[in-house]
Structure formats: C-alpha cells, structure tokens
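Notes follow the structure.
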Amino acid sequence: MLPLRGIDDGSKTKTLNLTLKDDKKKGYFGKAELASDFKNKWSNSLMLNSFRAKRKFSVYGIMSSTGKTGLDWQESNKFGGDNGFEYNEDGGFFFSYNNDDEFDNYGSFGGQGLPTSWSGGAQYSNKFDQDHQNFNGSYRYNKLNTIGGGTTVSQSILPGNVFYNKETRDVYSSKQRHSFNGTYEWQIDSATSLKIRANGFTGTQNSFTTYNGQSVDNFGNNIESFRTTSAVGDNGSLNGNILLRHRFKKTGRTISLNFEEQSKNNNTTGYLFSVNRFYDKANLKNIDSIDQKKINEVINAGYYTSLSYTEPIVKNVFLEVSYGLRISNSESKKLSYDRSFGDKYENLNDSFSNNYRYYVLTNSGGMNWRYNSKKTTASIGGDVAFADFTQTDLLHNTDIKYDYTNLFPKANVSYKFNANSRINFTYNGSTRQPAIEQVQPVRDNSNPLNIAIGNPNLKQEFRNQFGFNFNSYKVLKQRGFYIYSSFNTTTNSISTNSTTITSGDSAGIRTYNFVNLNGNYNGYAGGGYNFKVIKIDVSFNIGFNLQVNRYNNIVSTLNNNILTSNRNTTDNNSYSIQLGFYKFKEKKFDMNYNGSVGYNVSTSTVNKSLQTNYIEHSHNLYFNYTLPYRFEVNTSINANFRQKTDLFTGNNNVVLWNAYLGRKFFKNDKGMLSIKANDILNSNIGYSRSINSNILSENTYQTLRRYFLLAFTFNFSKNPTGTSPNP
C-alpha cells in the first residue's frame, strides 16, 4: 500500500479484507470490578462498550484509593476512545499528540503520596457516507486528592566548601478537570482528504505545602527554615488542527495544507509564609521572614500554518518544498503583595513582581530531496527560518527586539537488507527558544533560600542530533539482535549561573539566573540479543545500555562582598547490563524475569575531590499459575537495591511483593473472586536520586504500602456471532 503522498517507500503489504454484515456487528462487552479492604482502601470500576454496525459507544467510571487514576493502555483502547497516538506516514513511526494529560493512570501523582481519585468518561464513534466520513469524540471527568510528605537530602558543591541540606515536607493537593477530544475525517474523493482534530480541558487546582529544613556548610554556617505555600486557581487548554491533503494523478505529486492552534492558561492566587534563622555555629545571626500574597497568571497562545508540495523528478527521486508561518505569544503576570497592618496584602513588592509579554513571529521555507527504492530510503535537505522576537515589560513599559536567521539541516538514510533486517542513520538540526519563565526579569522567591531570576538577554539554543539503529530478526529461529545510539550537542545551551552567599548574616542563600554556555552534550547507546532455547521452550534476552551527560554552568560564591565565579563542568555517566527470560505454557503458567545491574559516576570540576559513584541493581519477577478447580495464583516481585554513598547513607532498598489468589466462576471464566495483597513485606519506599550540575539530591516520599483487598471482577458480553466482540 502507498502512503498518501504517493511515494513508494519500498514496503509492500498484502491485505486481505474480511468483513461481517452490519446486522451481525452488534452487541456489547464490558467489565465490572469491586474491591475493598472494608476500611480505607477500595478500587471500583464499571466499563461498557456497545456497538452496532459502525457505531460504537462506551462509558466508564472509576473510584479508587489504590493509585488507579484513569484507564490503563488496554482499557483506553476498549473504552476510552482516542489514545492520543497517530502514525506518521513520512517518518514511519507513531507519535503522541495528546501528551498534556496529567490524569493518565499513575501519571498525575507519580506514585508520590496517598491518592483518592474519581474519574468517568464517554466515547462515541461512527462511520457514515459509505465510510467516507467518520467521527470520534470523547469526554472525561477526573478528580484527584492527594496527601503525603517526604524528605529531600541534597549536597551543593562549591569551591572549597559544601552545603548539606535536609528538608521535610507535608503536602495536600486537590485538582479536577473536564476534558474533551474529537476527530473528524472526510475522504472527499479518491485523492482528497480533510482531517479536523480538537482537544482541550478546563480544570481547578488547590494545594497546601509545609516545609521544614536545615542547611549547614563546612565552616559552621547553619540555617533553620520554615515555610508554607498555598495556591488556588484554574487552568485550561484548547488545541486544534486542520489538515487538507490532495494527491494528483501523477504518482508522487501531492500538496497539503495544515493549520494548528494551541492555547493554554494557568491562573493561581496563593500565599507564601517563610521564616529563616541564620546561625554561626550556635550563635543566632539573623532572622528573615516573608509574608506575601502571590498572583500568577500565565497565558500561552500559538498559531502555525504550513503548505507542503511534493514533485517527482526522476524515477525514485522526489523533491519536497514547504513554507510555514508560526506565531507564538506568551504573557506572564507575577505579582507579590507584602502583608501590611490590618492583615491586608496591599503593598506591591517591585522586586518580586512583573508583567511580561514574549512574542515570536517565524517565517520558514524548506526543501528536501527524497530517494526511495525497494531497499534504500534516503533524504537530505533543510529549512531556513526567519524569527522576529519582541519582549515587552508591561510593568515598566520597555521593549527588547531582535531577530534570528536559522538553518535547520536534516538527513536520513535507511537500508533494508531483507524483510527482517534494517539499518538507519539520522541527523537533525533544531533550535529551542527560551521559555517565558527564563527570560522574564523578575525574582521568584517561592523558595526564599533558592531564588530564580529571569534573563531577558537569553539566546536560543541550537541542537545537533545524531541517531543510529540496526535490528535483525530471524523468525524461524526465533532470535533477534538490535543496537541503537543517539548523540546530541548543544550550542548556546540554556544553563544557570548560581551565586551562594558563604559569609555574613545571609550565608546559605542561593540565587541563580539563566545564561548561555557551550560544551553541553548527552548521548546514549544500547543493544540486545534475544533468542529461544527450543529444547526447554524458554526465551532469553540480554542487553546493555550506557548514557553520557556533560552539563556546564557557572558556580559563584559571595564571601565578604568578594564575588568569585568558576565555570563548572559536571560529567554524569551510567553503564548497565540487562538479563531476562520468559516461559509460557497455555492454560498452565506464565513466568518472566528481568534484571539489570548499573554503575553510576558523577564528577564536578568545581570541587574535584568530591566524586559520587554507586552501584544499583533491580530484579523483576512475574509468575502466574493456573491451579485445578479453576483457581489461579499470581505473584510479582520488584526489587531495587542502591549502594550507599557518603551523602546518601540511608537504607533505601525496596522489595515490593504483590500477589493474588483467585477463583474463576461462570461460563467461559467470566467472573473471578480474588484476594489481593499489595506490598506484602510492607517495605515500599518512594525514592528518587538525581544529579544536576553541582547539586546532588535524594528524595524519599510517602507512598502506598501494605494493604489487602477482597475483589470481584466480572467480564460480560453479548454478540450474535458467538465470537468475542473485544477489539
């Protein structure tokens, strides 16, 4: 089959079209689940999908206190409608366009805290006009309350000094959202098509957090800190896309017109209360307090139009030309009011207040040569873009204007040795514009000990991205091999210039602004081999992975009013190997294991005597066994072990053991009654470790621990054909 552009990419597919009569394509299927420990843990859901001919309608509802905040991947395909992924015909890959949904299952709280959630939705799709037109639309409601807390331990490496920080927090948040998504497609005739897509949401948010911290350096400077932050507000988003495509009679000649609109807003009103006590060893030097009302309003809007034309030149060679116009307009209002007498917040603090507009107009044109044959696909070309920038300080009525001329080269070569072996090389040049938060000239004191300052003179980044991958699979021998790599370098990388006060009444306060630096890069590589040992009917896989990262920033100290600045280079590298196996016997058991061992090392030139290196290894075992009398036992163990370091001395090893025992009921095993156990060893710890420039941090947080549920699951369906209606 040929993609719409009419270019033969060498991939042939034979399609056998089997259809059922419309009067046979009707029925419904669904799932109901009730689970509770009869105390404070529960997970209940009801899902239904009905279909008739080409019309499908589904609804679902979920309420849970065990971390299920939405549909998982399989449930989304059956009951949620559009899963946010689309196939790119030119590139031959899937991409996500619905990536702004923080309420996806587990995505909204990342396992941090104890969640209570409610969600529900409906989806409708239909084809009509002899399948020339189809519509798919969905609506969702989500509400999530989360309580929790945690501790962050960090180390700030400075020239000749180190600050050790420990901060505990208690968190409450509540948010809800109404979302919609719709797609309309019209095959106007055999050569022309129209696609319209829209999605958006409107929501509210409410949060309150309390922090207690302590910081100490090598010279006895000590800070005891306390602060609370709160915010109440609303947010929304609206995205739309219209794509009109036409294929001419001459093979390979196509034209397409695309229009996109994106808008997003986030408005909050909150309060910051902070008290910091500064000590010289045991002697109190200074007390600093803040009591402010915060009003934050951020609006982002963008419009993009592009026109693309493809023309065949000679056999297997095509020329693609394009033109695009992009408008990006952002506005950020940050207002801070100090508390005055009478408990009113009416004194505007100029140091922490600003209203800023960031406008970018871009005209671009591109040319790309493409070659397609049975074994080889290659392309080379690029785009030229003319970008005009206007930054306006609305509070002080000042403008900054500048422009860039950018060249975006790109190349791709792919060679297919046979139906199951392929090698591919890619290169892309691209820019990244600073975000409005990085250029807005205002001090952000959300954390009074770490104050961020925007830089209106910040330049754009330019990235060079190189990629390689090779894969080969032998179907009859059931073995395969793959290898991949990527390496990126960045010019004018957006980095930080941080200054830490190391003496006086404010020793320990850190401020940082954004600057452009060269020398940053990151890359990764990996590979693997999988094979099956026929005699024992077990599949094995082995692999490796490595990552290299270099990050440059400026580290400064202010000691007795003397500023000393040092360029710091942090190298953070990791190396790991993986091993796994899988064995399956139908209606008997399913077992798999995957494990990895990794070594991590980090060094910073600002203080070469300090080096962080540690080993970590993980093991994941899954086992499901069918017992006599329709019983089933299932267990999984996820074990993570992390080596202690001079800074991270706590025991954060976790062995998470989950299991259930169930019995199936009814015809075709449609029902199951089970006892589920989560974290049987009661050892689950929320944990993450990060290394960023000259700051190393370890975060532990409250998460779901041991509980037991009695659960009943029932799958139901009705289909006149007698076959399963599930997609």
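Chain labels A, B, ... are given in the sequence in which chains occur in the structure tokens; within each chain residues are numbered consecutively from 1, and ligands are likewise numbered from 1 in the order shown.
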
Note to self: Excluding Thr490 (chain A) and its own-chain neighbours fewer than 5 positions away, which residues fall within 7 Å of it when counting only C-alpha atoms? Please give them as an MDAnalysis selection string.
What the structure shows: chainID A and resid 461:464 518 520:521

Just to be explicit: take each residue in the selection above, keep N, CA and C atoms, and write the result as a PDB file, in the first residue's frame.
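After the write, selection.pdb holds the following:
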ATOM      1  N   GLU A 461      18.839  28.151  21.899  1.00  0.00           N
ATOM      2  CA  GLU A 461      19.770  27.037  21.756  1.00  0.00           C
ATOM      3  C   GLU A 461      19.749  26.518  20.321  1.00  0.00           C
ATOM      4  N   PHE A 462      20.858  25.877  19.924  1.00  0.00           N
ATOM      5  CA  PHE A 462      20.864  25.120  18.672  1.00  0.00           C
ATOM      6  C   PHE A 462      21.386  23.723  18.990  1.00  0.00           C
ATOM      7  N   ARG A 463      20.619  22.730  18.538  1.00  0.00           N
ATOM      8  CA  ARG A 463      20.948  21.340  18.845  1.00  0.00           C
ATOM      9  C   ARG A 463      21.284  20.565  17.578  1.00  0.00           C
ATOM     10  N   ASN A 464      22.338  19.761  17.652  1.00  0.00           N
ATOM     11  CA  ASN A 464      22.683  18.794  16.621  1.00  0.00           C
ATOM     12  C   ASN A 464      22.385  17.406  17.171  1.00  0.00           C
ATOM     13  N   ASN A 518      28.397  27.015  26.120  1.00  0.00           N
ATOM     14  CA  ASN A 518      28.702  25.958  25.160  1.00  0.00           C
ATOM     15  C   ASN A 518      29.348  24.773  25.875  1.00  0.00           C
ATOM     16  N   ASN A 520      27.843  21.604  26.252  1.00  0.00           N
ATOM     17  CA  ASN A 520      26.927  20.581  26.761  1.00  0.00           C
ATOM     18  C   ASN A 520      26.689  19.504  25.709  1.00  0.00           C
ATOM     19  N   TYR A 521      26.597  18.262  26.170  1.00  0.00           N
ATOM     20  CA  TYR A 521      26.219  17.168  25.279  1.00  0.00           C
ATOM     21  C   TYR A 521      25.589  16.057  26.102  1.00  0.00           C
TER      22      TYR A 521
END

With DSSP run on the backbone, what are the alpha helix (DSSP H) residues within region 361-469 of chain A? I'd like them as a PDB file with N, CA, C and O atoms, in the first residue's frame.
ATOM      1  N   ILE A 436       9.206  31.628  28.661  1.00  0.00           N
ATOM      2  CA  ILE A 436       8.963  32.962  29.210  1.00  0.00           C
ATOM      3  C   ILE A 436       9.438  33.050  30.659  1.00  0.00           C
ATOM      4  O   ILE A 436       9.900  34.104  31.121  1.00  0.00           O
ATOM      5  N   GLU A 437       9.386  31.938  31.402  1.00  0.00           N
ATOM      6  CA  GLU A 437       9.853  31.944  32.783  1.00  0.00           C
ATOM      7  C   GLU A 437      11.357  32.178  32.865  1.00  0.00           C
ATOM      8  O   GLU A 437      11.868  32.640  33.892  1.00  0.00           O
ATOM      9  N   GLN A 438      12.097  31.848  31.787  1.00  0.00           N
ATOM     10  CA  GLN A 438      13.546  32.013  31.800  1.00  0.00           C
ATOM     11  C   GLN A 438      13.989  33.405  31.378  1.00  0.00           C
ATOM     12  O   GLN A 438      15.112  33.819  31.686  1.00  0.00           O
ATOM     13  N   VAL A 439      13.138  34.144  30.656  1.00  0.00           N
ATOM     14  CA  VAL A 439      13.524  35.490  30.206  1.00  0.00           C
ATOM     15  C   VAL A 439      12.853  36.596  31.015  1.00  0.00           C
ATOM     16  O   VAL A 439      13.290  37.751  30.958  1.00  0.00           O
TER      17      VAL A 439
END

Item checked: Spatial neighbours of region 138-154 of chain A, max dist 9 Å, only C-alpha atoms, sep filter under 2 positions, as an MDAnalysis selection string -> chainID A and resid 69:70 80:82 103 108:109 112:125 136 156 163:182 209 647:648 686 695:703

What are the nearest atom pairs, with distances in Å to one decimal, for all residues of region 119-213 of chain A that come at most 12 Å from region 560-575 of chain A, using only C-alpha atoms, set out by chain and rising residue number as a tab-separated table?
residue	atom	partner	partner_atom	distance
A:Ile157	CA	A:Asn568	CA	10.1
A:Leu158	CA	A:Asn566	CA	9.3
A:Pro159	CA	A:Asn566	CA	8.0
A:Gly160	CA	A:Thr564	CA	11.6

Residues flagged strand (DSSP E or B) by DSSP in region 486-645 of chain A, as a PDB file with C-alpha atoms, in the first residue's frame:
ATOM      1  CA  SER A 486      21.984   8.804  19.861  1.00  0.00           C
ATOM      2  CA  PHE A 487      24.274  11.760  20.493  1.00  0.00           C
ATOM      3  CA  ASN A 488      23.262  15.404  20.900  1.00  0.00           C
ATOM      4  CA  THR A 489      25.390  18.520  21.189  1.00  0.00           C
ATOM      5  CA  THR A 490      24.055  21.964  22.068  1.00  0.00           C
ATOM      6  CA  THR A 491      25.363  25.411  21.177  1.00  0.00           C
ATOM      7  CA  SER A 493      22.787  25.836  25.827  1.00  0.00           C
ATOM      8  CA  ILE A 494      20.436  27.442  28.363  1.00  0.00           C
ATOM      9  CA  SER A 495      22.218  26.899  31.669  1.00  0.00           C
ATOM     10  CA  THR A 496      22.446  28.548  35.104  1.00  0.00           C
ATOM     11  CA  ASN A 497      24.710  30.989  36.872  1.00  0.00           C
ATOM     12  CA  SER A 498      24.248  30.427  40.592  1.00  0.00           C
ATOM     13  CA  THR A 499      25.650  32.548  43.409  1.00  0.00           C
ATOM     14  CA  THR A 500      25.768  31.322  47.012  1.00  0.00           C
ATOM     15  CA  ILE A 501      26.442  33.673  49.916  1.00  0.00           C
ATOM     16  CA  ARG A 510      21.473  30.902  46.698  1.00  0.00           C
ATOM     17  CA  THR A 511      20.330  32.942  43.714  1.00  0.00           C
ATOM     18  CA  TYR A 512      20.566  31.842  40.115  1.00  0.00           C
ATOM     19  CA  ASN A 513      19.800  33.257  36.699  1.00  0.00           C
ATOM     20  CA  PHE A 514      19.831  31.726  33.229  1.00  0.00           C
ATOM     21  CA  VAL A 515      22.789  32.101  30.859  1.00  0.00           C
ATOM     22  CA  ASN A 516      24.005  30.643  27.558  1.00  0.00           C
ATOM     23  CA  LEU A 517      27.017  28.316  27.610  1.00  0.00           C
ATOM     24  CA  ASN A 520      26.927  20.581  26.761  1.00  0.00           C
ATOM     25  CA  TYR A 521      26.219  17.168  25.279  1.00  0.00           C
ATOM     26  CA  ASN A 522      24.337  13.993  26.044  1.00  0.00           C
ATOM     27  CA  GLY A 523      24.159  10.606  24.441  1.00  0.00           C
ATOM     28  CA  TYR A 524      23.089   7.057  24.917  1.00  0.00           C
ATOM     29  CA  ALA A 525      23.676   3.690  23.304  1.00  0.00           C
ATOM     30  CA  GLY A 526      22.395   0.211  23.835  1.00  0.00           C
ATOM     31  CA  GLY A 527      21.724  -3.121  22.287  1.00  0.00           C
ATOM     32  CA  GLY A 528      20.439  -6.564  22.930  1.00  0.00           C
ATOM     33  CA  TYR A 529      20.124 -10.126  21.767  1.00  0.00           C
ATOM     34  CA  ASN A 530      17.078 -12.318  22.252  1.00  0.00           C
ATOM     35  CA  PHE A 531      16.784 -15.994  21.452  1.00  0.00           C
ATOM     36  CA  LYS A 532      14.775 -19.065  22.301  1.00  0.00           C
ATOM     37  CA  VAL A 533      16.154 -22.392  23.518  1.00  0.00           C
ATOM     38  CA  VAL A 538      12.435 -20.698  27.186  1.00  0.00           C
ATOM     39  CA  SER A 539      13.104 -17.305  25.591  1.00  0.00           C
ATOM     40  CA  PHE A 540      16.106 -15.302  26.798  1.00  0.00           C
ATOM     41  CA  ASN A 541      17.240 -11.707  26.316  1.00  0.00           C
ATOM     42  CA  ILE A 542      20.475  -9.949  27.187  1.00  0.00           C
ATOM     43  CA  GLY A 543      21.342  -6.307  26.666  1.00  0.00           C
ATOM     44  CA  PHE A 544      23.414  -3.304  27.628  1.00  0.00           C
ATOM     45  CA  ASN A 545      22.909   0.418  27.960  1.00  0.00           C
ATOM     46  CA  LEU A 546      25.161   3.402  28.546  1.00  0.00           C
ATOM     47  CA  GLN A 547      24.481   7.104  28.996  1.00  0.00           C
ATOM     48  CA  VAL A 548      26.870  10.050  28.980  1.00  0.00           C
ATOM     49  CA  ASN A 549      25.944  13.586  30.005  1.00  0.00           C
ATOM     50  CA  ARG A 550      28.025  16.732  30.264  1.00  0.00           C
ATOM     51  CA  TYR A 551      26.496  19.867  31.749  1.00  0.00           C
ATOM     52  CA  ASN A 552      28.235  23.221  32.109  1.00  0.00           C
ATOM     53  CA  ASN A 553      27.176  26.018  34.439  1.00  0.00           C
ATOM     54  CA  ILE A 554      28.653  28.921  36.404  1.00  0.00           C
ATOM     55  CA  VAL A 555      29.118  28.459  40.165  1.00  0.00           C
ATOM     56  CA  SER A 556      29.815  31.635  42.132  1.00  0.00           C
ATOM     57  CA  THR A 557      30.379  32.428  45.799  1.00  0.00           C
ATOM     58  CA  LEU A 558      29.954  35.752  47.581  1.00  0.00           C
ATOM     59  CA  ASN A 559      32.320  35.878  50.556  1.00  0.00           C
ATOM     60  CA  ILE A 562      34.009  39.406  47.141  1.00  0.00           C
ATOM     61  CA  LEU A 563      32.418  37.557  44.205  1.00  0.00           C
ATOM     62  CA  THR A 564      34.312  34.551  42.860  1.00  0.00           C
ATOM     63  CA  SER A 565      32.991  32.789  39.755  1.00  0.00           C
ATOM     64  CA  ASN A 566      34.013  29.390  38.397  1.00  0.00           C
ATOM     65  CA  ARG A 567      32.937  27.549  35.300  1.00  0.00           C
ATOM     66  CA  ASN A 568      31.786  24.117  36.397  1.00  0.00           C
ATOM     67  CA  THR A 569      31.607  21.012  34.239  1.00  0.00           C
ATOM     68  CA  THR A 570      29.619  18.075  35.564  1.00  0.00           C
ATOM     69  CA  ASP A 571      30.024  14.656  33.948  1.00  0.00           C
ATOM     70  CA  ASN A 572      27.297  12.210  34.859  1.00  0.00           C
ATOM     71  CA  ASN A 573      27.639   8.771  33.253  1.00  0.00           C
ATOM     72  CA  SER A 574      25.925   5.437  33.769  1.00  0.00           C
ATOM     73  CA  TYR A 575      26.509   1.908  32.457  1.00  0.00           C
ATOM     74  CA  SER A 576      24.232  -1.092  32.835  1.00  0.00           C
ATOM     75  CA  ILE A 577      23.621  -4.639  31.618  1.00  0.00           C
ATOM     76  CA  GLN A 578      20.302  -6.488  31.493  1.00  0.00           C
ATOM     77  CA  LEU A 579      19.268 -10.134  31.523  1.00  0.00           C
ATOM     78  CA  GLY A 580      15.846 -11.741  31.272  1.00  0.00           C
ATOM     79  CA  PHE A 581      13.925 -14.870  30.390  1.00  0.00           C
ATOM     80  CA  TYR A 582      10.349 -15.797  29.577  1.00  0.00           C
ATOM     81  CA  LYS A 583       8.436 -19.097  29.600  1.00  0.00           C
ATOM     82  CA  PHE A 584       4.794 -19.662  28.788  1.00  0.00           C
ATOM     83  CA  LYS A 585       2.547 -22.691  28.641  1.00  0.00           C
ATOM     84  CA  PHE A 589       1.566 -20.837  33.630  1.00  0.00           C
ATOM     85  CA  ASP A 590       3.264 -17.630  32.534  1.00  0.00           C
ATOM     86  CA  MET A 591       6.639 -16.671  34.012  1.00  0.00           C
ATOM     87  CA  ASN A 592       9.204 -13.985  33.234  1.00  0.00           C
ATOM     88  CA  TYR A 593      12.208 -12.351  34.871  1.00  0.00           C
ATOM     89  CA  ASN A 594      14.106  -9.170  34.005  1.00  0.00           C
ATOM     90  CA  GLY A 595      17.112  -7.871  35.885  1.00  0.00           C
ATOM     91  CA  SER A 596      19.730  -5.153  35.484  1.00  0.00           C
ATOM     92  CA  VAL A 597      22.949  -4.030  37.150  1.00  0.00           C
ATOM     93  CA  GLY A 598      24.184  -0.472  36.702  1.00  0.00           C
ATOM     94  CA  TYR A 599      27.107   1.704  37.733  1.00  0.00           C
ATOM     95  CA  ASN A 600      26.772   5.485  38.057  1.00  0.00           C
ATOM     96  CA  VAL A 601      29.565   8.028  38.423  1.00  0.00           C
ATOM     97  CA  SER A 602      29.446  11.825  38.682  1.00  0.00           C
ATOM     98  CA  THR A 603      32.228  14.400  38.959  1.00  0.00           C
ATOM     99  CA  SER A 604      32.222  18.218  39.087  1.00  0.00           C
ATOM    100  CA  GLN A 611      33.099  12.208  43.420  1.00  0.00           C
ATOM    101  CA  THR A 612      29.818  10.350  43.581  1.00  0.00           C
ATOM    102  CA  ASN A 613      29.693   6.758  42.358  1.00  0.00           C
ATOM    103  CA  TYR A 614      27.377   3.930  43.256  1.00  0.00           C
ATOM    104  CA  ILE A 615      26.005   0.609  42.030  1.00  0.00           C
ATOM    105  CA  GLU A 616      22.320  -0.157  41.737  1.00  0.00           C
ATOM    106  CA  HIS A 617      20.557  -3.297  40.577  1.00  0.00           C
ATOM    107  CA  SER A 618      16.933  -4.258  40.060  1.00  0.00           C
ATOM    108  CA  HIS A 619      15.062  -7.542  39.663  1.00  0.00           C
ATOM    109  CA  ASN A 620      11.521  -8.038  38.396  1.00  0.00           C
ATOM    110  CA  LEU A 621       9.865 -11.440  38.603  1.00  0.00           C
ATOM    111  CA  TYR A 622       6.329 -12.265  37.428  1.00  0.00           C
ATOM    112  CA  PHE A 623       4.596 -15.624  37.816  1.00  0.00           C
ATOM    113  CA  ASN A 624       1.034 -16.681  37.039  1.00  0.00           C
ATOM    114  CA  TYR A 625      -0.134 -20.293  37.517  1.00  0.00           C
ATOM    115  CA  THR A 626      -3.477 -21.960  36.808  1.00  0.00           C
ATOM    116  CA  PHE A 631      -8.092 -21.464  40.855  1.00  0.00           C
ATOM    117  CA  GLU A 632      -5.328 -19.038  39.811  1.00  0.00           C
ATOM    118  CA  VAL A 633      -2.324 -17.738  41.715  1.00  0.00           C
ATOM    119  CA  ASN A 634      -0.328 -14.684  40.646  1.00  0.00           C
ATOM    120  CA  THR A 635       2.707 -13.022  42.168  1.00  0.00           C
ATOM    121  CA  SER A 636       5.205 -10.322  41.216  1.00  0.00           C
ATOM    122  CA  ILE A 637       8.366  -9.089  42.911  1.00  0.00           C
ATOM    123  CA  ASN A 638      10.022  -5.789  42.027  1.00  0.00           C
ATOM    124  CA  ALA A 639      13.280  -5.407  43.937  1.00  0.00           C
ATOM    125  CA  ASN A 640      15.549  -2.358  43.767  1.00  0.00           C
ATOM    126  CA  PHE A 641      18.883  -2.115  45.593  1.00  0.00           C
ATOM    127  CA  ARG A 642      21.022   1.039  45.765  1.00  0.00           C
TER     128      ARG A 642
END

Next item on the list: Name all residues at most 8 Å from Gln391 (chain A) (count only C-alpha atoms; drop same-chain ones fewer than 3 positions away) and give them as a PyMOL selection string.
Entry: chain A and resi 356-359+399-401+456

Next item on the list: Point out the residue among A:Ser308, A:Asn450, A:Ser274, A:Asn354 with the least atom-to-atom distance to Phe259 (chain A), counting only C-alpha atoms.
Entry: A:Ser308

Note to self: I'd like the interatomic distance between CA of Met47 (chain A) and CA of Asp129 (chain A), to a tenth of an Å.
What the structure shows: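 Calculated distance between CA of Met47 (chain A) and CA of Asp129 (chain A) is 29.6 Å.
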
Checklist line | Pairwise distance for CA of Ala191 (chain A) and CA of Lys315 (chain A), rounded to one decimal in Å | finding: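 Computed distance, CA of Ala191 (chain A) to CA of Lys315 (chain A), equals 21.5 Å.
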
Next item on the list: Select, from A:Asn316, A:Asn682, A:Gln292, A:Ser215, the residue with the minimum atom-to-atom distance to Tyr345 (chain A), counting only C-alpha atoms.
Entry: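 Comparing A:Asn316, A:Asn682, A:Gln292, A:Ser215 against Tyr345 (chain A), the winner is A:Gln292.
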
Notebook entry, point to check: Looking at only C-alpha atoms, which of A:Leu449, A:Ile380, A:Ile423, A:Val442 is the one that sits closest to Tyr482 (chain A)?
Noted result: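 So, comparing all the options, the nearest one is A:Ile423.
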
Checklist line | Computed interatomic separation between CA of Phe273 (chain A) and CA of Phe219 (chain A) (Å) | finding: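 Computing the Euclidean distance for CA of Phe273 (chain A) and CA of Phe219 (chain A) yields 28.5 Å.
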
Item checked: Counting only C-alpha atoms, the option among A:Asn296, A:Lys664, A:Phe714, A:Gln187 closest to His246 (chain A) -> A:Gln187

Notebook entry, point to check: Nearest to Leu319 (chain A) among A:Arg706, A:Arg370, A:Lys670, A:Lys718, with distances taken over only C-alpha atoms: which residue is it?
Noted result: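 Among A:Arg706, A:Arg370, A:Lys670, A:Lys718, it is A:Arg370 that comes nearest to Leu319 (chain A).
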